[in-house]
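Next comes model-v9.cif, a file with mmCIF, C-alpha atoms.
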data_structure
#
loop_
_atom_site.label_atom_id
_atom_site.label_comp_id
_atom_site.auth_asym_id
_atom_site.auth_seq_id
_atom_site.Cartn_x
_atom_site.Cartn_y
_atom_site.Cartn_z
CA MET Q 825 -13.75 -13.18 -15.05
CA ALA Q 826 -11.03 -12.30 -12.58
CA GLU Q 827 -10.16 -14.15 -9.44
CA GLY Q 828 -10.31 -12.20 -6.19
CA THR Q 829 -12.80 -9.90 -4.49
CA SER Q 830 -11.11 -6.53 -5.16
CA THR Q 831 -9.90 -5.92 -1.61
CA ARG Q 832 -6.31 -5.26 -0.48
CA ASP Q 833 -6.18 -8.76 1.05
CA ASP Q 834 -7.83 -10.47 -1.94
CA PRO Q 835 -7.17 -8.36 -5.05
CA TRP Q 836 -8.37 -9.19 -8.52
CA ARG Q 837 -5.75 -11.17 -10.41
CA LEU Q 838 -5.84 -9.95 -13.98
CA THR Q 839 -3.79 -9.94 -17.16
CA THR Q 840 -3.22 -7.19 -19.69
CA PRO Q 841 -5.41 -7.44 -22.82
CA PRO Q 842 -2.75 -9.30 -24.85
CA GLY Q 843 -2.31 -11.69 -21.90
CA SER Q 844 1.40 -10.90 -21.72
CA SER Q 845 1.57 -9.53 -18.15
CA ALA Q 846 -0.18 -10.39 -14.91
CA PHE Q 847 -1.12 -7.76 -12.33
CA THR Q 848 -3.42 -7.29 -9.35
CA MET Q 849 -5.99 -4.59 -8.76
CA TYR Q 850 -8.12 -3.68 -5.77
CA ARG Q 851 -10.44 -0.92 -4.62
CA ASP Q 852 -9.29 1.42 -1.84
CA PRO Q 853 -12.47 3.36 -1.03
CA VAL Q 854 -10.96 5.12 2.02
CA ALA Q 855 -8.04 6.67 0.12
CA GLN Q 856 -8.29 10.37 -0.70
CA PRO Q 857 -9.52 10.35 -3.39
CA PRO Q 858 -10.88 6.79 -3.43
CA ALA Q 859 -8.54 4.73 -5.59
CA LEU Q 860 -8.25 1.75 -7.84
CA VAL Q 861 -4.83 0.35 -6.90
CA CYS Q 862 -2.81 -1.60 -9.45
CA ARG Q 863 0.28 -3.65 -8.60
CA VAL Q 864 2.59 -4.73 -11.37
CA GLY Q 865 5.51 -6.53 -9.76
CA THR Q 866 6.74 -4.04 -7.14
CA THR Q 867 5.30 -1.00 -8.93
CA GLU Q 868 2.06 0.51 -7.65
CA LEU Q 869 -0.16 2.63 -9.88
CA ARG Q 870 -3.29 4.38 -8.62
CA TYR Q 871 -6.29 5.57 -10.57
CA ASP Q 872 -9.26 7.58 -9.33
CA LEU Q 873 -11.84 4.92 -8.40
CA ARG Q 874 -14.59 6.72 -10.27
CA CYS Q 875 -12.79 5.77 -13.51
CA ILE Q 876 -14.75 2.50 -13.61
CA GLU Q 877 -18.15 4.19 -13.85
CA ASP Q 878 -16.88 7.10 -15.94
CA LEU Q 879 -15.17 4.87 -18.51
CA HIS Q 880 -18.26 2.68 -18.78
CA ALA Q 881 -20.43 5.77 -19.37
CA MET Q 882 -18.04 7.05 -22.06
CA LEU Q 883 -18.05 3.69 -23.83
CA LEU Q 884 -21.85 3.54 -23.71
CA ALA Q 885 -22.04 7.04 -25.18
CA ARG Q 886 -19.66 6.14 -28.02
CA GLY Q 887 -21.64 2.99 -28.73
CA ASP Q 888 -18.85 1.24 -30.61
CA TRP Q 889 -15.38 -0.22 -30.24
CA VAL Q 890 -12.75 2.19 -28.86
CA PRO Q 891 -9.02 1.45 -29.26
CA LEU Q 892 -7.13 1.07 -25.97
CA GLY Q 893 -3.97 2.98 -26.91
CA GLY Q 894 -2.17 2.29 -23.62
CA THR Q 895 1.08 4.19 -23.20
CA ASP Q 896 3.35 5.62 -20.52
CA GLU Q 897 2.68 9.04 -19.01
CA GLN Q 898 5.63 10.57 -20.85
CA LYS Q 899 4.28 9.62 -24.30
CA GLU Q 900 1.38 11.18 -26.17
CA PRO Q 901 -1.44 8.65 -26.61
CA PRO Q 902 -3.13 8.17 -29.96
CA ALA Q 903 -6.22 10.37 -30.37
CA GLY Q 904 -9.59 8.73 -29.82
CA THR Q 905 -8.27 6.00 -27.54
CA VAL Q 906 -9.17 4.97 -24.00
CA GLU Q 907 -5.72 6.19 -22.92
CA ALA Q 908 -6.26 9.63 -24.48
CA TRP Q 909 -9.68 9.92 -22.83
CA GLY Q 910 -8.15 8.94 -19.44
CA ARG Q 911 -5.96 12.09 -19.64
CA ALA Q 912 -8.26 14.50 -21.47
CA ALA Q 913 -9.21 17.88 -20.07
CA ASP Q 914 -12.83 17.25 -21.10
CA ASN Q 915 -13.29 13.92 -19.25
CA PRO Q 916 -15.37 13.96 -16.03
CA VAL Q 917 -12.35 14.62 -13.76
CA GLY Q 918 -10.88 17.26 -16.07
CA GLY Q 919 -7.59 15.46 -16.74
CA TRP Q 920 -5.63 12.50 -15.48
CA TYR Q 921 -7.39 9.58 -13.78
CA GLY Q 922 -3.91 8.40 -12.78
CA LEU Q 923 -3.05 9.68 -9.30
CA LYS Q 924 0.72 9.14 -8.96
CA LYS Q 925 2.79 11.62 -10.98
CA GLY Q 926 5.23 9.71 -13.13
CA LEU Q 927 2.94 6.65 -13.05
CA ARG Q 928 -0.32 8.17 -14.32
CA GLY Q 929 -0.24 6.50 -17.73
CA ARG Q 930 -1.11 2.99 -18.86
CA PHE Q 931 -4.80 3.67 -18.13
CA GLY Q 932 -5.66 1.90 -21.41
CA VAL Q 933 -3.68 -1.16 -20.30
CA TYR Q 934 -4.76 -1.74 -16.70
CA VAL Q 935 -8.31 -0.35 -16.38
CA PRO Q 936 -10.05 -2.15 -19.29
CA PRO Q 937 -9.53 -5.63 -17.75
CA VAL Q 938 -11.32 -4.38 -14.62
CA LEU Q 939 -14.39 -3.38 -16.63
CA GLU Q 940 -14.27 -6.73 -18.38
CA ALA Q 941 -14.07 -8.57 -15.03
CA LEU Q 942 -17.08 -6.62 -13.78
CA GLY Q 943 -19.07 -7.52 -16.90
CA LEU Q 944 -19.22 -3.86 -17.99
CA ALA Q 945 -17.18 -4.19 -21.19
CA GLU Q 946 -15.89 -6.54 -23.81
CA VAL Q 947 -12.13 -6.32 -24.43
CA GLU Q 948 -10.20 -7.77 -27.35
CA HIS Q 949 -7.21 -9.97 -26.52
CA GLY Q 950 -4.98 -9.87 -29.59
CA ALA Q 951 -1.22 -9.39 -29.58
CA ARG Q 952 -1.65 -5.63 -30.24
CA ASN Q 953 -4.10 -2.88 -31.23
CA ASN Q 954 -6.85 -4.11 -28.90
CA ARG Q 955 -10.17 -2.36 -28.45
CA MET Q 956 -13.04 -2.37 -25.98
CA ARG Q 957 -16.74 -1.62 -26.01
CA ALA Q 958 -19.37 -1.23 -23.32
CA LEU Q 959 -21.80 -3.93 -22.33
CA PRO Q 960 -25.13 -2.81 -20.89
CA ARG Q 961 -25.65 -3.35 -17.19
#

In structure tokens, what does this structure look like?
Amino acid sequence: MAEGTSTRDDPWRLTTPPGSSAFTMYRDPVAQPPALVCRVGTTELRYDLRCIEDLHAMLLARGDWVPLGGTDEQKEPPAGTVEAWGRAADNPVGGWYGLKKGLRGRFGVYVPPVLEALGLAEVEHGARNNRMRALPR
């Protein structure tokens, strides 16, 4: 479980699935659109807040482990991964969950630990090629 309450003043303190990098994440429900805000050092990434529920629903529908496949916006993610789904034209938002052009990638790196912290998913924590799967509510 993560420390913090997911507010700007008390963000979740999380680590990437391999445990190699620390970051914070908090909910900004008044942003337009509501956002999940990630801070990695001085860099701020924003994802559409609905990604939490949408990713959980996708994982439940798949019913098995899904590779994370996290990569930068400029690189093509491996097919069938969480990262590819987070950019796909057929996901619930019709494309990118990332909200800041140039920083829309890494969905498969920073969002899975949030679902794990909320008890919505199980995430592997190996050095590479990690996967996740949904946990029922």

Note to self: Can you spell out as a PyMOL selection string the set of residues that the PyMOL selection byres ((chain Q and resi 939) around 10) selects in the structure I just provided?
What the structure shows: chain Q and resi 825+875-877+879-880+934-938+940-947+956-959

Margin query: Which residues, named as in the file, does the PyMOL selection byres ((chain Q and resi 844-860) around 9) pick out? Answer as a PyMOL selection string.
Written below: chain Q and resi 828-843+861-865+869-876+923+934-935+938+951

Margin query: Can you measure atom CA of Q:Gly922 to atom CA of Q:Gly910 for me? One decimal in Å is fine.
Written below: 7.9 Å

Margin query: Assuming the chain letters and numbering stay as they are in my file, what does the PyMOL selection byres ((chain Q and resi 896-898) around 12) actually select? List them as a list in words.
Written below: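 Output from the PyMOL selection byres ((chain Q and resi 896-898) around 12), applied to this file: Leu869, Gly893, Gly894, Thr895, Lys899, Glu900, Pro901, Pro902, Glu907, Ala908, Gly910, Arg911, Trp920, Tyr921, Gly922, Leu923, Lys924, Lys925, Gly926, Leu927, Arg928, Gly929, Arg930, Phe931, Gly932, Val933 and Tyr934 of chain Q.
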
Go ahead and dump the residues you just picked, C-alpha atoms, as a PDB file, in the frame of the given file.
ATOM      1  CA  LEU Q 869      -0.160   2.630  -9.880  1.00  0.00           C
ATOM      2  CA  GLY Q 893      -3.970   2.980 -26.910  1.00  0.00           C
ATOM      3  CA  GLY Q 894      -2.170   2.290 -23.620  1.00  0.00           C
ATOM      4  CA  THR Q 895       1.080   4.190 -23.200  1.00  0.00           C
ATOM      5  CA  LYS Q 899       4.280   9.620 -24.300  1.00  0.00           C
ATOM      6  CA  GLU Q 900       1.380  11.180 -26.170  1.00  0.00           C
ATOM      7  CA  PRO Q 901      -1.440   8.650 -26.610  1.00  0.00           C
ATOM      8  CA  PRO Q 902      -3.130   8.170 -29.960  1.00  0.00           C
ATOM      9  CA  GLU Q 907      -5.720   6.190 -22.920  1.00  0.00           C
ATOM     10  CA  ALA Q 908      -6.260   9.630 -24.480  1.00  0.00           C
ATOM     11  CA  GLY Q 910      -8.150   8.940 -19.440  1.00  0.00           C
ATOM     12  CA  ARG Q 911      -5.960  12.090 -19.640  1.00  0.00           C
ATOM     13  CA  TRP Q 920      -5.630  12.500 -15.480  1.00  0.00           C
ATOM     14  CA  TYR Q 921      -7.390   9.580 -13.780  1.00  0.00           C
ATOM     15  CA  GLY Q 922      -3.910   8.400 -12.780  1.00  0.00           C
ATOM     16  CA  LEU Q 923      -3.050   9.680  -9.300  1.00  0.00           C
ATOM     17  CA  LYS Q 924       0.720   9.140  -8.960  1.00  0.00           C
ATOM     18  CA  LYS Q 925       2.790  11.620 -10.980  1.00  0.00           C
ATOM     19  CA  GLY Q 926       5.230   9.710 -13.130  1.00  0.00           C
ATOM     20  CA  LEU Q 927       2.940   6.650 -13.050  1.00  0.00           C
ATOM     21  CA  ARG Q 928      -0.320   8.170 -14.320  1.00  0.00           C
ATOM     22  CA  GLY Q 929      -0.240   6.500 -17.730  1.00  0.00           C
ATOM     23  CA  ARG Q 930      -1.110   2.990 -18.860  1.00  0.00           C
ATOM     24  CA  PHE Q 931      -4.800   3.670 -18.130  1.00  0.00           C
ATOM     25  CA  GLY Q 932      -5.660   1.900 -21.410  1.00  0.00           C
ATOM     26  CA  VAL Q 933      -3.680  -1.160 -20.300  1.00  0.00           C
ATOM     27  CA  TYR Q 934      -4.760  -1.740 -16.700  1.00  0.00           C
TER      28      TYR Q 934
END

Margin query: Can you measure atom CA of Q:Pro891 to atom CA of Q:Ala912 for me? One decimal in Å is fine.
Written below: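 Atom-to-atom, atom CA of Q:Pro891 and atom CA of Q:Ala912 are spaced 15.2 Å apart.
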